[in-house]
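Engineer: Structure below; questions to follow.
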Amino acid sequence: MNTENRWDMGSLLRDTGIGMPASGEAKMINMNKLGINGEMRLREPMSKHTSWRAGGCAERYYIPADLRDLAVFLRDLPTDEPVYVVGLGSNLLVRDGGLRGTVVAVHAQLEELQLIEHNGSNGLIYAGAGIACAKIARFAAKHRLADAEFLAGIPGTVGGALAMNAGCFGAETWQVVERVQIIDRSGNVFIRQPDDYEVGYRSIKLRQSPIVTAKETEWFAGGYFRLPCGDQTESRQKIKRLLARRIASQPLNQPNAGSVFRNPPGDYEARLIEACGLKGLSIGGAMVSGKHANFIVNTGNATATDIEALIMLVQNRVEQKTGIELIQEVRVIGDAGRQS
Ligand SMILES: Cc1cc2nc3c(=O)[nH]c(=O)nc-3n(C[C@H](O)[C@H](O)[C@H](O)COP(=O)(O)OP(=O)(O)OC[C@H]3O[C@@H](n4cnc5c(N)ncnc54)[C@H](O)[C@@H]3O)c2cc1C
């Protein structure tokens with residue numbers, strides 16, 4: 001561990017913003033003198049980085065130059081600094097009071113995409129955590145590999161898809177994972193196997209956390225996907241069909257975060273919410289979509305407070321009418337309230 005750099009990083013962050021209330025102007029700071037090449041921004045509005053286009057600022061927002069740079073950054077970051085890794089923010093609501101600590105944005109940075117092997121019956125693809133899921137779907141099709149088509153319609157990153165076990169139309173991310181590449185809070189990069197996780201519907205959990213703590217201590221740096229051989233034309237047609245179904249059924253012209261609630265076994269949340277007469281229900285600028293009842297859209301000026309209040313209202317109304325408790329799929333983070 002480089003304790004000298006850790007101390008330097010601590011004082012650099014303190015001098016430029018650590019402990020400051022998340023208010024005032026956004027600002028960028030130079031990390032080069034610590035041998036770190038990424039970009040550090042202070043008070044970065046997370047509304048710019050979440051598909052709901054709402055919410056408060058991250059106290060600090062770090063965009064690593066690459067995986068090595070991220071490793072050095074994490075290693076030298078003061079150990080008490082909270083870290084939150086995000087992808088494309090397509091499943092995320094940051095409360096209006098903002099987020100304390102450092103957000104690490106890996107989208108468009110950890111972007112390696114490689115065909116590792118192709119043996120006539122199947123192939124192995126490595127994708128960095130920052131790659132958009134749609135790119136893997138197209139890359140697999142190009143290399144005559146099947147079963148990645150479903151990823152074309154998921155507007156997140158590989159890291160987000162691994163963290164959420166994202167899926168649709170009967171397929172899920174972890175069905176095609178052979179192994180994952182991890183980066184931990186000390187900057188170590190290593191491999192984990194699927195057996196290390198309890199994989200569930202839109203959730204995954206490390207079976208045995210190395211350290212028992214409420215805070216996250218490791219993240220996905222990349223994934224290795226094992227896919228059977230397929231037909232390029234068929235895969236491309238399947239992708240087109242899946243995208244057309246989404247365009248027809250989802251309010252893609254308004255900011256949203258996809259399905260707000262998980263589907264209960266054997267049923268669909270959208271059906272339940274619609275049956276309770278909640279389509280069009282709104283709070284401030286947040287509204288239950290008229291096109292897809294499990295989507296909450298930002299009609300223009302929604303705050304994160306509006307969106308969260310509407311999520312809770314829908315939950316309460318459905319429970320009152322049906323006795324079914326809706327479970328949130330979207331992740332809500334940060335402090336309540338308002339930033340100045
Ligand atoms: C229009 C629309 C349609 C959608 N359709 C679907 C769908 O069909 N199926 C589906 O499953 N989802 C769907 N989603 C939700 C969303 O796209 C997925 O959950 C996606 O996997 C989130 O990826 P992300 O990169 O945006 O993650 P983010 O929203 O940035 O983060 C989501 C969570 O993952 C964690 N995370 C992100 N990157 C990493 C990493 N590298 N390591 C560890 N943790 C990480 C974050 O900390 C956070 O807790 C949809 C969303 C929208 C807006």
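Residue numbers start at 1 in each chain; chains themselves are named A, B, ... in the order of the structure tokens; ligands are numbered from 1 in the order shown.
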So that I can see what lies close to range 245-251 of chain A, please list as a list in words the residues with an atom at most 8 Å from it, counting only C-alpha atoms and leaving out residues fewer than 4 positions away in the same chain.
Structural biologist: Gly153, Arg241, Asn256, Ser289, Lys291, His292, Phe295 and Val297 of chain A
Engineer: Using the selection just defined, write its residues with C-alpha atoms as a PDB file, in the first residue's frame.
Structural biologist:
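Saved file out_6.pdb follows:
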```
ATOM      1  CA  GLY A 153     -32.380  -3.848 -25.615  1.00  0.00           C
ATOM      2  CA  ARG A 241     -37.482  -8.084 -33.482  1.00  0.00           C
ATOM      3  CA  ASN A 256     -37.297   6.617 -17.398  1.00  0.00           C
ATOM      4  CA  SER A 289     -46.534   5.879 -18.034  1.00  0.00           C
ATOM      5  CA  LYS A 291     -47.792   3.148 -22.418  1.00  0.00           C
ATOM      6  CA  HIS A 292     -46.261   0.774 -19.842  1.00  0.00           C
ATOM      7  CA  PHE A 295     -42.470   2.594 -16.068  1.00  0.00           C
ATOM      8  CA  VAL A 297     -41.493   8.762 -16.694  1.00  0.00           C
TER       9      VAL A 297
END
```
Engineer: Counting only C-alpha atoms and all ligand atoms, which protein, DNA or RNA residues come within 8 Å of ligand 1, given as a PyMOL selection string?
Structural biologist: chain A and resi 50-52+84-92+106-107+129-130+132+153-169+172+202+218-222+246+250-252+255-259+329-331
Engineer: Would you mind listing, for every residue of range 232-302 of chain A within 7 Å of range 310-317 of chain A, the two atoms forming the shortest contact and the distance between them in Å to one decimal, using only C-alpha atoms, sorted by chain and ascending residue number, as CSV?
Structural biologist:
```
residue,atom,partner,partner_atom,distance
A:Ser282,CA,A:Leu310,CA,6.8
A:Ile283,CA,A:Leu310,CA,6.0
A:Ala286,CA,A:Leu310,CA,7.0
```
Engineer: Write the selection just made, keeping C-alpha atoms, as a short mmCIF file (atom, residue, chain, number, x, y, z; two decimals), in the first residue's frame?
Structural biologist:
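Resulting contents of again_5.cif:
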```cif
data_model
loop_
_atom_site.label_atom_id
_atom_site.label_comp_id
_atom_site.auth_asym_id
_atom_site.auth_seq_id
_atom_site.Cartn_x
_atom_site.Cartn_y
_atom_site.Cartn_z
CA SER A 282 -48.57 11.69 -11.22
CA ILE A 283 -46.67 13.59 -8.53
CA ALA A 286 -43.21 12.17 -12.37
#
```
Engineer: Between A:Gly223, A:Pro78, A:Asp306, A:Thr299, which is the closest to Phe190 in chain A once you count only C-alpha atoms?
Structural biologist: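 Ranking A:Gly223, A:Pro78, A:Asp306, A:Thr299 by distance to Phe190 in chain A, first place goes to A:Gly223.
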Engineer: Rank A:Ala336, A:Val318, A:Val199, A:Ile324 by their smallest atom-to-atom distance to Asp96 in chain A, using only C-alpha atoms, and report the top residue only.
Structural biologist: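 When distances to Asp96 in chain A are compared using only C-alpha atoms, the smallest one comes from A:Ala336.
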Engineer: Given only C-alpha atoms as the basis, pick out the residue of A:Asp8, A:Arg53, A:Arg338, A:Ala140 nearest to Lys33 in chain A.
Structural biologist: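 Of A:Asp8, A:Arg53, A:Arg338, A:Ala140, the one nearest Lys33 in chain A is A:Asp8, counting only C-alpha atoms.
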Engineer: Could you tell me how far CA of Phe225 in chain A sits from CA of Val177 in chain A, in Å to one decimal place?
Structural biologist: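 CA of Val177 in chain A sits 4.6 Å away from CA of Phe225 in chain A.
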Engineer: From a backbone DSSP assignment, name each residue in range 250-301 of chain A labelled strand (DSSP E), as a PyMOL selection string.
Structural biologist: chain A and resi 282-283+286-288+296-298
Engineer: Could you pull out the alpha helix (DSSP H) residues of range 23-220 of chain A, going by DSSP on the backbone, and write them as an MDAnalysis selection string?
Structural biologist: chainID A and resid 67:76 133:142 158:164
Engineer: Export N, CA and C atoms of the chosen residues as a PDB file, in the first residue's frame?
Structural biologist:
```pdb
ATOM      1  N   LEU A  67      -8.333   0.593 -16.516  1.00  0.00           N
ATOM      2  CA  LEU A  67      -8.415  -0.274 -15.330  1.00  0.00           C
ATOM      3  C   LEU A  67      -7.216  -0.067 -14.396  1.00  0.00           C
ATOM      4  N   ARG A  68      -6.035   0.092 -14.991  1.00  0.00           N
ATOM      5  CA  ARG A  68      -4.836   0.287 -14.161  1.00  0.00           C
ATOM      6  C   ARG A  68      -4.962   1.573 -13.345  1.00  0.00           C
ATOM      7  N   ASP A  69      -5.448   2.608 -14.021  1.00  0.00           N
ATOM      8  CA  ASP A  69      -5.628   3.905 -13.376  1.00  0.00           C
ATOM      9  C   ASP A  69      -6.648   3.805 -12.223  1.00  0.00           C
ATOM     10  N   LEU A  70      -7.730   3.043 -12.483  1.00  0.00           N
ATOM     11  CA  LEU A  70      -8.752   2.862 -11.443  1.00  0.00           C
ATOM     12  C   LEU A  70      -8.152   2.133 -10.242  1.00  0.00           C
ATOM     13  N   ALA A  71      -7.282   1.146 -10.530  1.00  0.00           N
ATOM     14  CA  ALA A  71      -6.650   0.391  -9.443  1.00  0.00           C
ATOM     15  C   ALA A  71      -5.797   1.315  -8.567  1.00  0.00           C
ATOM     16  N   VAL A  72      -5.021   2.190  -9.205  1.00  0.00           N
ATOM     17  CA  VAL A  72      -4.169   3.117  -8.447  1.00  0.00           C
ATOM     18  C   VAL A  72      -5.052   4.086  -7.652  1.00  0.00           C
ATOM     19  N   PHE A  73      -6.098   4.574  -8.301  1.00  0.00           N
ATOM     20  CA  PHE A  73      -7.009   5.516  -7.640  1.00  0.00           C
ATOM     21  C   PHE A  73      -7.615   4.901  -6.378  1.00  0.00           C
ATOM     22  N   LEU A  74      -8.136   3.658  -6.515  1.00  0.00           N
ATOM     23  CA  LEU A  74      -8.788   3.011  -5.359  1.00  0.00           C
ATOM     24  C   LEU A  74      -7.776   2.709  -4.257  1.00  0.00           C
ATOM     25  N   ARG A  75      -6.591   2.293  -4.676  1.00  0.00           N
ATOM     26  CA  ARG A  75      -5.563   1.959  -3.692  1.00  0.00           C
ATOM     27  C   ARG A  75      -5.199   3.182  -2.847  1.00  0.00           C
ATOM     28  N   ASP A  76      -5.144   4.357  -3.513  1.00  0.00           N
ATOM     29  CA  ASP A  76      -4.672   5.550  -2.805  1.00  0.00           C
ATOM     30  C   ASP A  76      -5.799   6.361  -2.160  1.00  0.00           C
ATOM     31  N   CYS A 133     -24.255  -2.757 -23.189  1.00  0.00           N
ATOM     32  CA  CYS A 133     -24.746  -4.121 -23.464  1.00  0.00           C
ATOM     33  C   CYS A 133     -25.051  -4.329 -24.956  1.00  0.00           C
ATOM     34  N   ALA A 134     -25.612  -3.298 -25.585  1.00  0.00           N
ATOM     35  CA  ALA A 134     -25.996  -3.429 -27.001  1.00  0.00           C
ATOM     36  C   ALA A 134     -24.788  -3.766 -27.869  1.00  0.00           C
ATOM     37  N   LYS A 135     -23.611  -3.274 -27.478  1.00  0.00           N
ATOM     38  CA  LYS A 135     -22.399  -3.538 -28.272  1.00  0.00           C
ATOM     39  C   LYS A 135     -22.043  -5.017 -28.245  1.00  0.00           C
ATOM     40  N   ILE A 136     -22.244  -5.679 -27.083  1.00  0.00           N
ATOM     41  CA  ILE A 136     -21.920  -7.117 -27.000  1.00  0.00           C
ATOM     42  C   ILE A 136     -22.870  -7.892 -27.892  1.00  0.00           C
ATOM     43  N   ALA A 137     -24.160  -7.498 -27.880  1.00  0.00           N
ATOM     44  CA  ALA A 137     -25.138  -8.218 -28.700  1.00  0.00           C
ATOM     45  C   ALA A 137     -24.707  -8.173 -30.172  1.00  0.00           C
ATOM     46  N   ARG A 138     -24.287  -6.982 -30.635  1.00  0.00           N
ATOM     47  CA  ARG A 138     -23.901  -6.830 -32.048  1.00  0.00           C
ATOM     48  C   ARG A 138     -22.579  -7.547 -32.333  1.00  0.00           C
ATOM     49  N   PHE A 139     -21.656  -7.465 -31.368  1.00  0.00           N
ATOM     50  CA  PHE A 139     -20.332  -8.093 -31.513  1.00  0.00           C
ATOM     51  C   PHE A 139     -20.482  -9.618 -31.603  1.00  0.00           C
ATOM     52  N   ALA A 140     -21.336 -10.173 -30.723  1.00  0.00           N
ATOM     53  CA  ALA A 140     -21.559 -11.631 -30.727  1.00  0.00           C
ATOM     54  C   ALA A 140     -22.169 -12.053 -32.071  1.00  0.00           C
ATOM     55  N   ALA A 141     -23.174 -11.301 -32.523  1.00  0.00           N
ATOM     56  CA  ALA A 141     -23.825 -11.647 -33.799  1.00  0.00           C
ATOM     57  C   ALA A 141     -22.804 -11.622 -34.937  1.00  0.00           C
ATOM     58  N   LYS A 142     -21.966 -10.597 -34.944  1.00  0.00           N
ATOM     59  CA  LYS A 142     -20.938 -10.465 -35.992  1.00  0.00           C
ATOM     60  C   LYS A 142     -20.008 -11.682 -36.016  1.00  0.00           C
ATOM     61  N   VAL A 158     -22.087  -3.483 -19.167  1.00  0.00           N
ATOM     62  CA  VAL A 158     -21.815  -4.857 -18.724  1.00  0.00           C
ATOM     63  C   VAL A 158     -21.773  -4.916 -17.192  1.00  0.00           C
ATOM     64  N   GLY A 159     -21.119  -3.930 -16.560  1.00  0.00           N
ATOM     65  CA  GLY A 159     -21.037  -3.915 -15.093  1.00  0.00           C
ATOM     66  C   GLY A 159     -22.427  -3.855 -14.469  1.00  0.00           C
ATOM     67  N   GLY A 160     -23.274  -2.991 -15.013  1.00  0.00           N
ATOM     68  CA  GLY A 160     -24.648  -2.862 -14.503  1.00  0.00           C
ATOM     69  C   GLY A 160     -25.437  -4.147 -14.733  1.00  0.00           C
ATOM     70  N   ALA A 161     -25.244  -4.773 -15.904  1.00  0.00           N
ATOM     71  CA  ALA A 161     -25.982  -6.008 -16.217  1.00  0.00           C
ATOM     72  C   ALA A 161     -25.545  -7.138 -15.283  1.00  0.00           C
ATOM     73  N   LEU A 162     -24.248  -7.171 -14.943  1.00  0.00           N
ATOM     74  CA  LEU A 162     -23.761  -8.198 -14.009  1.00  0.00           C
ATOM     75  C   LEU A 162     -24.307  -7.928 -12.608  1.00  0.00           C
ATOM     76  N   ALA A 163     -24.303  -6.644 -12.202  1.00  0.00           N
ATOM     77  CA  ALA A 163     -24.760  -6.304 -10.848  1.00  0.00           C
ATOM     78  C   ALA A 163     -26.260  -6.546 -10.678  1.00  0.00           C
ATOM     79  N   MET A 164     -27.017  -6.389 -11.766  1.00  0.00           N
ATOM     80  CA  MET A 164     -28.483  -6.506 -11.681  1.00  0.00           C
ATOM     81  C   MET A 164     -28.988  -7.871 -12.156  1.00  0.00           C
TER      82      MET A 164
END
```
Engineer: May I have the residues within 10 Å of Glu274 in chain A as a ChimeraX atom specification, using only C-alpha atoms and disregarding those fewer than 4 positions away in the same chain?
Structural biologist: /A:269-270,278-280,288-290,292-294,318
Engineer: Which of these residues is nearest to Ala152 in chain A, using only C-alpha atoms: A:Arg236, A:Arg179, A:Arg95, A:His118?
Structural biologist: A:Arg236
Engineer: So how far away is CA of Glu111 in chain A from CA of Ile131 in chain A, in Å?
Structural biologist: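 Computed distance, CA of Ile131 in chain A to CA of Glu111 in chain A, equals 4.9 Å.
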Engineer: Report as number ranges by chain all protein, DNA and RNA residues lying within 8 Å of Met46 in chain A, evaluated on only C-alpha atoms, omitting residues in the same chain fewer than 4 positions from it.
Structural biologist: A: 50, 53-58, 94
Engineer: What is the distance, in Å and to one decimal place, between CA of Ser47 in chain A and CA of Ile29 in chain A?
Structural biologist: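 Taking CA of Ser47 in chain A and CA of Ile29 in chain A, their separation equals 20.4 Å.
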Engineer: Excluding same-chain residues fewer than 5 positions from Ile327 in chain A, what lies within 10 Å of it counting only C-alpha atoms, as a count of residues only?
Structural biologist: 7
Engineer: Calculated over only C-alpha atoms, which of the candidates A:Gly230, A:Pro64, A:Gly187, A:Gly128 has the smallest distance to Arg144 in chain A?
Structural biologist: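 Between A:Gly230, A:Pro64, A:Gly187, A:Gly128, the residue approaching Arg144 in chain A most closely is A:Gly230.
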Engineer: Find the residues around Leu206 in chain A up to 10 Å (only C-alpha atoms counted), leave out those fewer than 6 positions away in its own chain, and share them as a PyMOL selection string.
Structural biologist: chain A and resi 192+194-199+218
